[in-house]
>>> print(open('input37.cif').read())   # mmCIF, C-alpha atoms and all ligand atoms
data_target
loop_
_atom_site.label_atom_id
_atom_site.label_comp_id
_atom_site.auth_asym_id
_atom_site.auth_seq_id
_atom_site.Cartn_x
_atom_site.Cartn_y
_atom_site.Cartn_z
CA MET A 1 -140.25 17.54 16.29
CA THR A 2 -139.84 18.27 19.96
CA CYS A 3 -138.63 21.38 21.64
CA ALA A 4 -135.72 19.40 23.01
CA GLY A 5 -134.86 18.47 19.42
CA ILE A 6 -134.71 22.10 18.40
CA ASN A 7 -132.69 22.87 21.47
CA ASN A 8 -130.11 20.28 20.52
CA VAL A 9 -129.77 21.58 17.01
CA LEU A 10 -129.32 25.12 18.21
CA SER A 11 -126.86 24.30 20.92
CA SER A 12 -124.78 22.30 18.46
CA VAL A 13 -124.77 25.27 16.11
CA TYR A 14 -123.67 27.68 18.82
CA SER A 15 -120.74 26.41 20.74
CA VAL A 16 -121.07 29.36 23.05
CA SER A 17 -124.39 31.09 23.41
CA SER A 18 -124.97 33.57 26.14
CA ARG A 19 -128.30 34.52 24.68
CA SER A 20 -131.19 32.20 25.09
CA LEU A 21 -132.22 31.60 21.52
CA VAL A 22 -135.13 29.40 22.46
CA LEU A 23 -136.74 32.00 24.68
CA LYS A 24 -136.41 34.62 21.96
CA MET A 25 -137.96 32.34 19.37
CA ALA A 26 -140.90 31.59 21.63
CA THR A 27 -141.96 35.24 21.56
CA ASN A 28 -142.47 35.16 17.80
CA SER A 29 -145.79 34.84 16.06
CA PRO A 30 -147.42 31.42 15.82
CA THR A 31 -147.25 29.31 12.70
CA LYS A 32 -149.73 26.94 11.14
CA SER A 33 -147.52 24.13 10.01
CA ALA A 34 -144.85 23.65 12.65
CA SER A 35 -145.73 21.93 15.87
CA SER A 36 -143.67 24.44 17.80
CA ASN A 37 -144.83 28.03 17.61
CA SER A 38 -141.23 29.24 17.38
CA TYR A 39 -141.14 28.38 13.67
CA LYS A 40 -142.80 30.07 10.74
CA ASP A 41 -143.20 29.84 6.99
CA VAL A 42 -142.36 32.68 4.64
CA GLN A 43 -142.81 33.20 0.91
CA GLY A 44 -140.87 35.34 -1.48
CA TYR A 45 -137.87 35.55 -3.78
CA ILE A 46 -134.29 34.54 -3.03
CA HIS A 47 -131.45 37.04 -3.37
CA ALA A 48 -127.73 37.24 -2.66
CA VAL A 49 -126.92 33.60 -1.86
CA SER A 50 -123.43 33.68 -0.33
CA LYS A 51 -120.55 31.23 -0.52
CA VAL A 52 -120.37 28.65 2.24
CA GLN A 53 -118.57 30.31 5.14
CA ILE A 54 -116.10 28.30 7.16
CA PRO A 55 -115.93 29.75 10.67
CA ALA A 56 -112.44 30.23 12.05
CA ASN A 57 -113.41 28.29 15.14
CA PRO A 58 -113.32 24.63 14.03
CA LYS A 59 -116.11 23.79 16.48
CA SER A 60 -118.57 26.13 14.79
CA SER A 61 -120.77 24.92 11.96
CA ARG A 62 -120.40 25.88 8.35
CA TYR A 63 -123.11 28.18 7.08
CA PHE A 64 -124.13 30.43 4.25
CA ASP A 65 -126.69 33.20 4.02
CA PHE A 66 -129.04 34.88 1.58
CA THR A 67 -131.98 37.22 1.75
CA ILE A 68 -135.62 36.54 1.15
CA GLN A 69 -137.66 39.29 -0.43
CA GLU A 70 -141.13 39.26 1.11
CA ASN A 71 -142.84 41.91 -0.98
CA HIS A 72 -141.01 45.16 -0.08
CA GLU A 73 -139.06 43.79 2.86
CA GLU A 74 -135.84 41.82 2.62
CA THR A 75 -134.73 39.66 5.51
CA ARG A 76 -131.43 37.89 5.99
CA VAL A 77 -131.62 34.09 6.28
CA ILE A 78 -128.74 32.12 7.78
CA CYS A 79 -128.58 28.49 6.83
CA PHE A 80 -126.58 25.77 8.57
CA THR A 81 -127.15 23.07 5.95
CA PRO A 82 -124.62 23.89 3.21
CA GLU A 83 -126.02 21.04 1.06
CA ILE A 84 -129.05 23.13 0.06
CA LYS A 85 -127.00 26.11 -1.12
CA ASP A 86 -127.05 25.02 -4.76
CA GLU A 87 -130.82 24.72 -4.75
CA LEU A 88 -131.17 28.24 -3.34
CA LYS A 89 -128.66 29.58 -5.84
CA ARG A 90 -130.68 27.99 -8.64
CA ARG A 91 -133.87 29.60 -7.31
CA GLU A 92 -132.13 32.97 -7.07
CA GLU A 93 -130.90 32.79 -10.64
CA ALA A 94 -134.26 31.60 -11.99
CA LYS A 95 -136.13 34.19 -9.86
CA LEU A 96 -138.44 31.43 -8.66
CA PRO A 97 -141.16 32.17 -6.12
CA THR A 98 -140.08 30.22 -3.09
CA SER A 99 -141.59 29.11 0.16
CA LEU A 100 -139.33 28.54 3.17
CA LYS A 101 -141.00 26.25 5.72
CA ASN A 102 -140.17 25.89 9.41
CA ILE A 103 -137.62 28.64 9.72
CA SER A 104 -137.00 30.42 12.98
CA PRO A 105 -137.07 34.18 13.38
CA GLN A 106 -134.30 35.57 15.58
CA LYS A 107 -133.41 38.98 16.85
CA ARG A 108 -130.61 40.31 14.64
CA ARG A 109 -127.21 40.05 16.18
CA TYR A 110 -126.21 43.49 15.00
CA GLY A 111 -128.75 46.26 14.62
CA GLU A 112 -132.52 46.24 14.82
CA GLY A 113 -135.03 43.79 13.44
CA VAL A 114 -135.26 40.12 12.72
CA GLU A 115 -133.35 37.55 10.72
CA TYR A 116 -134.27 33.95 9.98
CA ARG A 117 -132.39 30.72 10.61
CA MET A 118 -132.78 27.52 8.64
CA ASN A 119 -131.75 24.19 10.06
CA LYS A 120 -132.30 20.59 9.13
CA TYR A 121 -136.04 20.80 9.87
CA SER A 122 -136.50 23.66 7.43
CA ARG A 123 -137.68 23.00 3.87
CA ILE A 124 -137.68 24.79 0.54
CA GLU A 125 -140.77 24.57 -1.65
CA GLN A 126 -142.07 26.17 -4.79
CA ALA A 127 -144.48 28.98 -3.91
CA LYS A 128 -147.68 29.51 -5.89
CA ASN A 129 -149.39 32.78 -6.71
CA LEU A 130 -147.19 35.32 -5.06
CA ALA A 131 -149.00 38.65 -4.91
CA PHE A 132 -145.82 40.67 -5.53
CA GLN A 133 -143.06 40.95 -8.10
CA TRP A 134 -139.45 39.88 -8.06
CA LYS A 135 -137.33 42.98 -7.72
CA THR A 136 -133.67 43.84 -7.71
CA SER A 137 -132.10 43.16 -4.39
CA ASN A 138 -131.58 46.21 -2.22
CA THR A 139 -129.39 44.39 0.26
CA ASP A 140 -126.31 45.92 -1.27
CA GLU A 141 -125.31 47.97 1.69
CA SER A 142 -125.12 51.58 0.70
CA ASP A 143 -121.66 53.02 0.96
CA THR A 144 -120.86 55.06 3.95
CA SER A 145 -118.28 57.75 4.66
CA VAL A 146 -115.35 57.52 7.06
CA THR A 147 -116.82 60.23 9.29
CA GLN A 148 -120.13 58.36 9.52
CA LEU A 149 -118.22 55.24 10.50
CA LEU A 150 -116.25 56.98 13.19
CA GLN A 151 -119.17 58.93 14.61
CA SER A 152 -122.27 56.84 14.41
CA ALA A 153 -121.85 53.31 13.04
CA PRO A 154 -122.20 50.51 15.58
CA ASN A 155 -119.46 47.96 16.15
CA GLY A 156 -119.81 44.81 14.13
CA GLN A 157 -121.66 46.55 11.32
CA SER A 158 -120.80 45.43 7.82
CA VAL A 159 -119.99 48.43 5.69
CA GLY A 160 -119.09 49.50 2.17
CA LEU A 161 -116.65 52.30 1.56
CA LYS A 162 -114.95 53.99 -1.39
CA ALA A 163 -111.53 55.13 -0.28
CA LYS A 164 -107.96 55.80 -1.31
CA VAL A 165 -105.10 53.76 0.16
CA LEU A 166 -102.69 56.30 1.65
CA PHE A 167 -100.46 53.75 3.35
CA LYS A 168 -99.90 50.03 3.01
CA GLY A 169 -97.88 48.39 5.77
CA ASP A 170 -95.68 45.30 5.65
CA THR A 171 -97.40 41.94 5.38
CA GLU A 172 -97.01 40.15 8.69
CA THR A 173 -97.56 36.56 9.64
CA VAL A 174 -99.50 36.11 12.84
CA TYR A 175 -100.54 32.93 14.56
CA SER A 176 -104.29 32.96 14.95
CA LYS A 177 -105.37 31.16 18.11
CA HIS A 178 -108.88 31.25 16.72
CA ALA A 179 -108.07 29.61 13.37
CA LYS A 180 -105.17 27.68 14.93
CA LYS A 181 -102.87 28.48 12.04
CA ASP A 182 -100.59 31.17 10.69
CA LEU A 183 -102.40 33.93 8.82
CA THR A 184 -101.02 36.88 6.90
CA LYS A 185 -102.30 40.35 7.67
CA CYS A 186 -101.62 43.85 6.47
CA ASP A 187 -102.74 47.20 7.83
CA LEU A 188 -103.77 50.00 5.49
CA VAL A 189 -104.60 53.59 6.19
CA VAL A 190 -107.38 54.66 3.82
CA ALA A 191 -109.18 57.95 3.44
CA ASP A 192 -112.14 59.50 1.68
CA THR A 193 -113.05 63.17 1.49
CA THR A 194 -114.35 63.13 5.08
CA GLY A 195 -111.68 61.34 7.10
CA ALA A 196 -109.14 58.54 7.49
CA ILE A 197 -109.38 55.08 9.07
CA THR A 198 -107.27 51.94 9.42
CA VAL A 199 -108.25 48.82 7.44
CA THR A 200 -106.82 45.39 8.27
CA LEU A 201 -106.73 43.00 5.33
CA TRP A 202 -106.11 39.25 5.63
CA GLU A 203 -104.65 36.57 3.38
CA SER A 204 -105.32 36.80 -0.37
CA GLN A 205 -107.01 40.23 -0.10
CA ILE A 206 -103.67 41.86 0.73
CA ALA A 207 -102.46 41.53 -2.86
CA GLU A 208 -105.60 43.22 -4.20
CA VAL A 209 -104.62 46.73 -3.13
CA GLU A 210 -101.71 49.00 -3.95
CA PRO A 211 -100.60 52.19 -2.22
CA ASN A 212 -102.34 55.27 -3.70
CA GLY A 213 -104.97 53.14 -5.41
CA CYS A 214 -108.66 53.91 -4.99
CA TYR A 215 -111.00 51.04 -4.19
CA HIS A 216 -114.58 50.18 -3.50
CA PHE A 217 -114.45 47.97 -0.42
CA ARG A 218 -117.58 45.97 0.32
CA GLU A 219 -118.48 44.00 3.43
CA LEU A 220 -115.77 45.26 5.69
CA LYS A 221 -116.58 44.89 9.35
CA LEU A 222 -116.32 47.78 11.78
CA ASN A 223 -114.34 46.83 14.89
CA CYS A 224 -113.05 48.67 17.89
CA TYR A 225 -109.78 47.97 19.64
CA ASN A 226 -108.52 51.15 21.30
CA LYS A 227 -109.90 52.93 18.26
CA LYS A 228 -112.34 52.14 15.47
CA TYR A 229 -110.97 50.28 12.47
CA LEU A 230 -112.26 48.14 9.61
CA GLY A 231 -111.37 44.50 9.07
CA SER A 232 -111.82 42.21 6.09
CA SER A 233 -113.50 38.81 6.18
CA THR A 234 -113.95 36.05 3.60
CA LYS A 235 -116.99 38.00 2.34
CA THR A 236 -115.09 41.20 1.66
CA MET A 237 -114.93 42.30 -1.95
CA ILE A 238 -112.44 44.84 -3.28
CA GLU A 239 -112.72 46.55 -6.66
CA LYS A 240 -110.81 49.41 -8.19
CA CYS A 241 -112.86 52.58 -8.39
CA GLU A 242 -112.61 56.12 -9.76
CA ASP A 243 -109.93 58.42 -8.35
CA ILE A 244 -110.74 60.19 -5.09
CA ASP A 245 -109.17 63.56 -4.26
CA ILE A 246 -108.17 63.60 -0.63
CA PRO A 247 -108.06 67.06 1.01
CA ASP A 248 -104.72 68.00 2.58
CA THR A 249 -106.25 68.20 6.06
CA ILE A 250 -107.29 64.55 5.79
CA THR A 251 -103.87 63.48 4.49
CA ILE A 252 -102.28 65.10 7.55
CA GLU A 253 -104.82 63.42 9.83
CA ALA A 254 -103.99 60.08 8.20
CA VAL A 255 -100.33 60.38 9.14
CA ASN A 256 -101.36 60.00 12.78
CA LEU A 257 -102.84 56.59 11.96
CA THR A 258 -99.76 55.39 10.10
CA PRO A 259 -97.72 53.08 12.31
CA ASN A 260 -94.19 54.16 13.03
CA GLN A 261 -92.05 52.42 10.50
CA LYS A 262 -89.64 50.44 12.57
CA ALA A 263 -86.05 50.75 11.48
CA LYS A 264 -84.63 47.76 9.67
CA LYS A 265 -80.97 46.98 10.14
CA ASN A 266 -78.74 44.96 7.86
CA ILE A 267 -76.15 42.73 9.50
CA THR A 268 -73.60 40.48 7.83
CA GLY A 269 -72.24 37.72 9.98
CA THR A 270 -72.91 34.20 11.18
CA ILE A 271 -75.25 32.34 13.44
CA LEU A 272 -73.62 31.79 16.80
CA ALA A 273 -76.31 29.66 18.39
CA ILE A 274 -79.66 28.32 17.22
CA GLU A 275 -82.72 26.42 18.28
CA VAL A 276 -85.10 25.29 15.54
CA LYS A 277 -88.66 24.45 16.63
CA LYS A 278 -91.15 22.50 14.60
CA ILE A 279 -94.83 22.49 15.44
CA TYR A 280 -97.46 20.40 13.66
CA ILE A 281 -101.18 21.03 13.60
CA CYS A 282 -103.44 18.03 14.23
CA ILE A 283 -105.61 17.19 11.19
CA ASN A 284 -108.40 16.17 13.51
CA CYS A 285 -108.62 18.66 16.36
CA LYS A 286 -106.26 21.39 15.11
CA SER A 287 -104.22 21.30 18.32
CA LYS A 288 -100.53 22.03 18.28
CA ILE A 289 -98.28 18.96 18.27
CA GLN A 290 -94.63 19.21 19.25
CA ASP A 291 -92.18 17.55 16.90
CA ALA A 292 -90.90 14.13 17.83
CA PRO A 293 -87.39 13.97 16.31
CA ASP A 294 -86.14 10.80 14.58
CA THR A 295 -89.57 9.37 13.88
CA ALA A 296 -91.97 9.77 10.99
CA LEU A 297 -94.97 9.89 13.32
CA VAL A 298 -96.27 12.32 15.91
CA LYS A 299 -99.01 11.91 18.49
CA CYS A 300 -101.60 14.60 19.17
CA PRO A 301 -101.60 15.46 22.90
CA ASN A 302 -105.24 16.47 22.72
CA CYS A 303 -107.02 13.72 20.78
CA ASN A 304 -104.28 11.07 21.08
CA LEU A 305 -104.26 10.24 17.36
CA LYS A 306 -100.95 9.21 15.83
CA ILE A 307 -100.40 10.83 12.45
CA LYS A 308 -97.67 10.66 9.81
CA LYS A 309 -95.73 13.92 9.80
CA CYS A 310 -95.92 14.07 6.01
CA GLU A 311 -99.71 14.40 6.28
CA LEU A 312 -99.49 17.43 8.55
CA ILE A 313 -98.89 21.13 8.08
CA SER A 314 -95.80 22.17 9.98
CA THR A 315 -94.58 25.51 11.22
CA THR A 316 -90.85 25.86 11.64
CA THR A 317 -89.41 28.77 13.59
CA ALA A 318 -86.07 29.44 15.23
CA ASN A 319 -84.35 31.48 17.86
CA ILE A 320 -80.92 32.54 16.67
CA MET A 321 -78.00 34.48 18.07
CA ILE A 322 -76.17 36.54 15.48
CA LYS A 323 -72.49 37.47 15.49
CA ASP A 324 -71.61 40.30 13.13
CA GLU A 325 -68.48 40.53 10.97
CA LYS A 326 -66.58 42.36 13.69
CA GLY A 327 -67.28 39.48 16.05
CA GLU A 328 -69.84 41.36 18.11
CA ASN A 329 -72.76 39.37 19.53
CA MET A 330 -75.91 41.15 18.34
CA GLY A 331 -78.22 39.23 20.64
CA ARG A 332 -81.01 36.74 20.22
CA PHE A 333 -83.63 37.07 17.47
CA PHE A 334 -86.83 35.29 16.51
CA CYS A 335 -86.87 33.86 13.02
CA PRO A 336 -90.37 33.21 11.49
CA HIS A 337 -91.32 30.26 9.30
CA ALA A 338 -91.31 32.23 6.03
CA VAL A 339 -87.73 33.44 6.62
CA LEU A 340 -86.45 29.90 7.24
CA ARG A 341 -88.38 28.54 4.28
CA ASN A 342 -86.85 31.10 1.92
CA LEU A 343 -83.38 30.60 3.34
CA PHE A 344 -83.47 26.82 2.93
CA GLN A 345 -84.77 27.18 -0.61
CA ALA A 346 -81.71 29.33 -1.33
CA ILE A 347 -79.40 26.85 0.41
CA ALA A 348 -80.87 23.89 -1.49
CA SER A 349 -80.15 25.57 -4.82
CA ALA A 350 -76.67 26.83 -3.85
CA PRO A 351 -73.75 24.84 -5.32
CA GLY A 352 -72.28 22.17 -3.07
CA PHE A 353 -75.34 21.62 -0.91
CA ASN A 354 -77.34 18.43 -1.01
CA MET A 355 -80.54 19.27 0.67
CA ASP A 356 -84.29 19.08 0.13
CA LYS A 357 -85.83 22.41 -0.87
CA ASN A 358 -88.82 21.87 1.40
CA ILE A 359 -88.23 22.60 5.09
CA ASP A 360 -91.17 20.39 6.03
CA THR A 361 -89.03 17.38 5.20
CA LEU A 362 -85.92 18.62 7.07
CA SER A 363 -85.44 17.75 10.72
CA ALA A 364 -84.82 20.50 13.27
CA ASN A 365 -81.42 18.95 13.90
CA ILE A 366 -80.22 19.05 10.27
CA MET A 367 -81.43 22.63 9.95
CA GLU A 368 -79.56 23.70 13.07
CA GLU A 369 -76.33 22.01 11.96
CA THR A 370 -76.58 23.42 8.43
CA LEU A 371 -77.06 26.99 9.61
CA LEU A 372 -74.24 26.80 12.15
CA ASN A 373 -71.95 25.64 9.31
CA VAL A 374 -72.72 28.49 6.89
CA SER A 375 -69.83 30.93 7.11
CA LEU A 376 -71.50 34.14 5.93
CA LEU A 377 -75.09 35.30 5.98
CA SER A 378 -76.83 38.67 5.44
CA PHE A 379 -79.58 39.34 7.93
CA GLN A 380 -82.23 42.00 7.86
CA VAL A 381 -83.56 42.51 11.38
CA ILE A 382 -85.75 44.84 13.38
CA MET A 383 -83.63 45.52 16.44
CA GLU A 384 -86.55 46.93 18.43
CA ASP A 385 -88.63 43.74 18.10
CA LYS A 386 -85.69 41.32 17.89
CA ILE A 387 -87.22 39.80 14.77
CA VAL A 388 -85.46 38.59 11.62
CA LYS A 389 -87.18 39.84 8.44
CA SER A 390 -84.93 37.98 6.00
CA ILE A 391 -81.72 35.98 5.79
CA ASP A 392 -79.73 35.63 2.56
CA LEU A 393 -76.71 33.50 1.82
CA GLY A 394 -73.56 35.59 1.72
CA ASP A 395 -71.75 35.23 -1.62
CA THR A 396 -68.27 34.35 -0.48
CA GLU A 397 -68.05 31.22 -2.61
ZN ZN B 401 -105.70 16.12 17.69
#
>>> encode(input="input37.cif", output="structure tokens", more="lines below")
Ligand SMILES: [Zn+2]
Amino acid sequence: MTCAGINNVLSSVYSVSSRSLVLKMATNSPTKSASSNSYKDVQGYIHAVSKVQIPANPKSSRYFDFTIQENHEETRVICFTPEIKDELKRREEAKLPTSLKNISPQKRRYGEGVEYRMNKYSRIEQAKNLAFQWKTSNTDESDTSVTQLLQSAPNGQSVGLKAKVLFKGDTETVYSKHAKKDLTKCDLVVADTTGAITVTLWESQIAEVEPNGCYHFRELKLNCYNKKYLGSSTKTMIEKCEDIDIPDTITIEAVNLTPNQKAKKNITGTILAIEVKKIYICINCKSKIQDAPDTALVKCPNCNLKIKKCELISTTTANIMIKDEKGENMGRFFCPHAVLRNLFQAIASAPGFNMDKNIDTLSANIMEETLLNVSLLSFQVIMEDKIVKSIDLGDTE
């Protein structure tokens, strides 16, 4: 194995690396078995093997992590060969003494100390005669308090917290440039006996909490954007916990974190003008592809592949102008995918319509014509943001 070989592996793992990993590795202690002194062998017990993590950036490699208990010390190991996860899981469950060969120590990304990386040159072997015992993992991060988080915890730290949900906002759909798809998010304001903080939950985790419920959140990440807040990741775990009494002073403090509830307005009327836009996401490079009307195929502008539309995920949105019952033009509004999807499901099941329930199969043109022909609709909008929250069929028939 050459140094250039290692370099290639590392640079393929890190699409962007401002730090020189190779230089850092070279400062670590020598090893007997690897030809490069940047690698070492360790022996111990395996704990806390994670699920395979799929990075949001499609160019980044899949990975999982675990810890290796070397006597009293536990060290995080990140592994970029998901194929060996099952073997490590088996060794964790069987508490087998394990030797990890040719792994590279790295400075930890967050906090002090060292973590290890395994790549395709690393090996797992049975260890013989370990001089220390298997013990219960102590990697379970100890829970922290909100005040500790706000005052002393570093950004990026993974934290556990027991807290009460004082506020749960609306679930919003946002387009993630990073993941190149629509994701749902929801902001909470949570509090413990020491303070209040905002928590942003994503995707399936949103349904796991209710307002006024108390939860043990694990593996939330501390972020800072204007102010400190916690965000969930695929590793986050949420469990109900015992009731927490929040002092009045904290409840009042929490109100300041609660976003202003924007006023929703109900309008009955019709659509005066509309433009429906369909965007597809390339199955290969995840780029956005504009719809090509009247054909079953689209071509990715980035990787030039032609793909059948029916194989692709589509996002359908619209700009609409609404005229209310009195004939007043209410202006132009943005209509998200979920609103159109629900509306066309309602239209497809309404008497007299002959239409597919699934908006993926409907052309922008047929959707525009259909909506311009409906004589009465009820809209719920946020005037301030010019966004449509829902559209229902009016029941004039
Ligand atoms: Zn593509």
>>> closest_atom_pairs(input="input37.cif", of="chain A", to="ligand ZN 401 (chain B)", cutoff="8 Å", atoms="all atoms listed in the file", output="CSV")
residue,atom,partner,partner_atom,distance
A:Ile281,CA,B:ZN401,ZN,7.8
A:Cys282,CA,B:ZN401,ZN,4.6
A:Ile283,CA,B:ZN401,ZN,6.6
A:Asn284,CA,B:ZN401,ZN,5.0
A:Cys285,CA,B:ZN401,ZN,4.1
A:Lys286,CA,B:ZN401,ZN,5.9
A:Ser287,CA,B:ZN401,ZN,5.4
A:Lys288,CA,B:ZN401,ZN,7.9
A:Ile289,CA,B:ZN401,ZN,8.0
A:Lys299,CA,B:ZN401,ZN,7.9
A:Cys300,CA,B:ZN401,ZN,4.6
A:Pro301,CA,B:ZN401,ZN,6.7
A:Asn302,CA,B:ZN401,ZN,5.1
A:Cys303,CA,B:ZN401,ZN,4.1
A:Asn304,CA,B:ZN401,ZN,6.2
A:Leu305,CA,B:ZN401,ZN,6.1
>>> write_last_selection(input="input37.cif", atoms="C-alpha atoms", output="short mmCIF file (atom, residue, chain, number, x, y, z; two decimals), in the coordinates of the input")
data_model
loop_
_atom_site.label_atom_id
_atom_site.label_comp_id
_atom_site.auth_asym_id
_atom_site.auth_seq_id
_atom_site.Cartn_x
_atom_site.Cartn_y
_atom_site.Cartn_z
CA ILE A 281 -101.18 21.03 13.60
CA CYS A 282 -103.44 18.03 14.23
CA ILE A 283 -105.61 17.19 11.19
CA ASN A 284 -108.40 16.17 13.51
CA CYS A 285 -108.62 18.66 16.36
CA LYS A 286 -106.26 21.39 15.11
CA SER A 287 -104.22 21.30 18.32
CA LYS A 288 -100.53 22.03 18.28
CA ILE A 289 -98.28 18.96 18.27
CA LYS A 299 -99.01 11.91 18.49
CA CYS A 300 -101.60 14.60 19.17
CA PRO A 301 -101.60 15.46 22.90
CA ASN A 302 -105.24 16.47 22.72
CA CYS A 303 -107.02 13.72 20.78
CA ASN A 304 -104.28 11.07 21.08
CA LEU A 305 -104.26 10.24 17.36
#
>>> closest_atom_pairs(input="input37.cif", of="stretch 287-339 of chain A", to="stretch 270-278 of chain A", cutoff="9 Å", atoms="all atoms listed in the file", output="CSV")
residue,atom,partner,partner_atom,distance
A:Ile289,CA,A:Lys278,CA,8.8
A:Gln290,CA,A:Lys278,CA,6.7
A:Asp291,CA,A:Lys278,CA,5.6
A:Ala292,CA,A:Lys278,CA,9.0
A:Ser314,CA,A:Lys278,CA,6.6
A:Thr315,CA,A:Lys278,CA,5.7
A:Thr316,CA,A:Lys278,CA,4.5
A:Thr317,CA,A:Lys277,CA,5.3
A:Ala318,CA,A:Val276,CA,4.3
A:Asn319,CA,A:Glu275,CA,5.3
A:Ile320,CA,A:Ile274,CA,4.4
A:Met321,CA,A:Ala273,CA,5.1
A:Ile322,CA,A:Ile271,CA,4.8
A:Lys323,CA,A:Thr270,CA,5.4
A:Asp324,CA,A:Thr270,CA,6.5
A:Glu325,CA,A:Thr270,CA,7.7
A:Asn329,CA,A:Leu272,CA,8.1
A:Arg332,CA,A:Ala273,CA,8.7
>>> residues_around(input="input37.cif", residues="A:Glu93", least_positions_apart="6", cutoff="12 Å", atoms="only C-alpha atoms", output="list in words")
Tyr45, Ile46, His47, Ala48, Val49, Asp86, Glu87, Trp134 and Thr136 of chain A
>>> atom_distance(input="input37.cif", atom1="atom CA of A:Glu92", atom2="atom CA of A:Ser158")
22.5 Å
>>> atom_distance(input="input37.cif", atom1="atom CA of A:Leu100", atom2="atom CA of A:Ser60")
23.9 Å
>>> closest_residue(input="input37.cif", among="A:Gln43, A:Gln53, A:Ser145, A:Asn102", to="A:Lys235", atoms="only C-alpha atoms")
A:Gln53
>>> atom_distance(input="input37.cif", atom1="atom CA of A:Leu149", atom2="atom CA of A:Glu203")
24.2 Å
>>> closest_residue(input="input37.cif", among="A:Thr98, A:Ser104, A:Asn256, A:Ser152", to="A:Asn119", atoms="all atoms listed in the file")
A:Ser104
>>> closest_residue(input="input37.cif", among="A:Asn129, A:Ile313, A:Ile206, A:Gly269", to="A:Leu372", atoms="all atoms listed in the file")
A:Gly269
>>> residues_near_point(input="input37.cif", point="(-79.1, 37.9, 2.8)", cutoff="10 Å", atoms="all atoms listed in the file", output="ChimeraX atom specification")
/A:266-269,343,346,376-380,390-395
>>> residues_around(input="input37.cif", residues="A:Ile197", least_positions_apart="4", cutoff="9 Å", atoms="all atoms listed in the file", output="ChimeraX atom specification")
/A:146,149-150,188-191,228-230,254,257
>>> residues_around(input="input37.cif", residues="A:Glu83", least_positions_apart="2", cutoff="12 Å", atoms="only C-alpha atoms", output="ChimeraX atom specification")
/A:51-52,62-64,79-81,85-89,119-120
>>> closest_residue(input="input37.cif", among="A:Pro293, A:Cys224, A:Glu70, A:Val381", to="A:Ile366", atoms="all atoms listed in the file")
A:Pro293
>>> residues_around(input="input37.cif", residues="A:Lys128", least_positions_apart="2", cutoff="12 Å", atoms="only C-alpha atoms", output="PyMOL selection string")
chain A and resi 43-45+96-99+125-126+130-132
>>> closest_residue(input="input37.cif", among="A:Val209, A:Val77, A:Ala94, A:Ile279", to="A:Met237", atoms="all atoms listed in the file")
A:Val209
>>> closest_residue(input="input37.cif", among="A:Asp143, A:Leu166, A:Val42, A:Val159", to="A:Ile252", atoms="all atoms listed in the file")
A:Leu166
>>> residues_around(input="input37.cif", residues="A:Thr144", least_positions_apart="2", cutoff="12 Å", atoms="all atoms listed in the file", output="number ranges by chain")
A: 140-142, 146-153, 157-163, 192-195, 216-220, 222
>>> residues_near_point(input="input37.cif", point="(-116.9, 54.6, -10.1)", cutoff="10 Å", atoms="all atoms listed in the file", output="PyMOL selection string")
chain A and resi 162+214-216+239-244
>>> write_last_selection(input="input37.cif", atoms="C-alpha atoms", output="PDB file, keeping the file's coordinate frame")
ATOM      1  CA  LYS A 162    -114.950  53.990  -1.390  1.00  0.00           C
ATOM      2  CA  CYS A 214    -108.660  53.910  -4.990  1.00  0.00           C
ATOM      3  CA  TYR A 215    -111.000  51.040  -4.190  1.00  0.00           C
ATOM      4  CA  HIS A 216    -114.580  50.180  -3.500  1.00  0.00           C
ATOM      5  CA  GLU A 239    -112.720  46.550  -6.660  1.00  0.00           C
ATOM      6  CA  LYS A 240    -110.810  49.410  -8.190  1.00  0.00           C
ATOM      7  CA  CYS A 241    -112.860  52.580  -8.390  1.00  0.00           C
ATOM      8  CA  GLU A 242    -112.610  56.120  -9.760  1.00  0.00           C
ATOM      9  CA  ASP A 243    -109.930  58.420  -8.350  1.00  0.00           C
ATOM     10  CA  ILE A 244    -110.740  60.190  -5.090  1.00  0.00           C
TER      11      ILE A 244
END
>>> decode(input="input37.cif", residues="stretch 93-110 of chain A", atoms="C-alpha atoms", output="mmCIF file, in the first residue's frame")
data_model
loop_
_atom_site.group_PDB
_atom_site.id
_atom_site.type_symbol
_atom_site.label_atom_id
_atom_site.label_comp_id
_atom_site.auth_asym_id
_atom_site.auth_seq_id
_atom_site.Cartn_x
_atom_site.Cartn_y
_atom_site.Cartn_z
ATOM 1 C CA GLU A 93 -23.533 -8.719 20.381
ATOM 2 C CA ALA A 94 -21.233 -11.666 21.133
ATOM 3 C CA LYS A 95 -18.845 -9.401 23.117
ATOM 4 C CA LEU A 96 -15.948 -10.845 21.138
ATOM 5 C CA PRO A 97 -12.414 -9.580 21.704
ATOM 6 C CA THR A 98 -11.555 -7.896 18.449
ATOM 7 C CA SER A 99 -8.470 -6.608 16.740
ATOM 8 C CA LEU A 100 -8.780 -3.763 14.231
ATOM 9 C CA LYS A 101 -5.795 -3.686 11.880
ATOM 10 C CA ASN A 102 -4.564 -0.765 9.782
ATOM 11 C CA ILE A 103 -6.885 1.907 11.060
ATOM 12 C CA SER A 104 -5.943 5.552 11.006
ATOM 13 C CA PRO A 105 -6.119 7.813 14.041
ATOM 14 C CA GLN A 106 -7.496 11.280 13.328
ATOM 15 C CA LYS A 107 -7.999 14.384 15.359
ATOM 16 C CA ARG A 108 -11.666 14.490 16.375
ATOM 17 C CA ARG A 109 -13.737 16.832 14.311
ATOM 18 C CA TYR A 110 -15.589 18.137 17.326
#
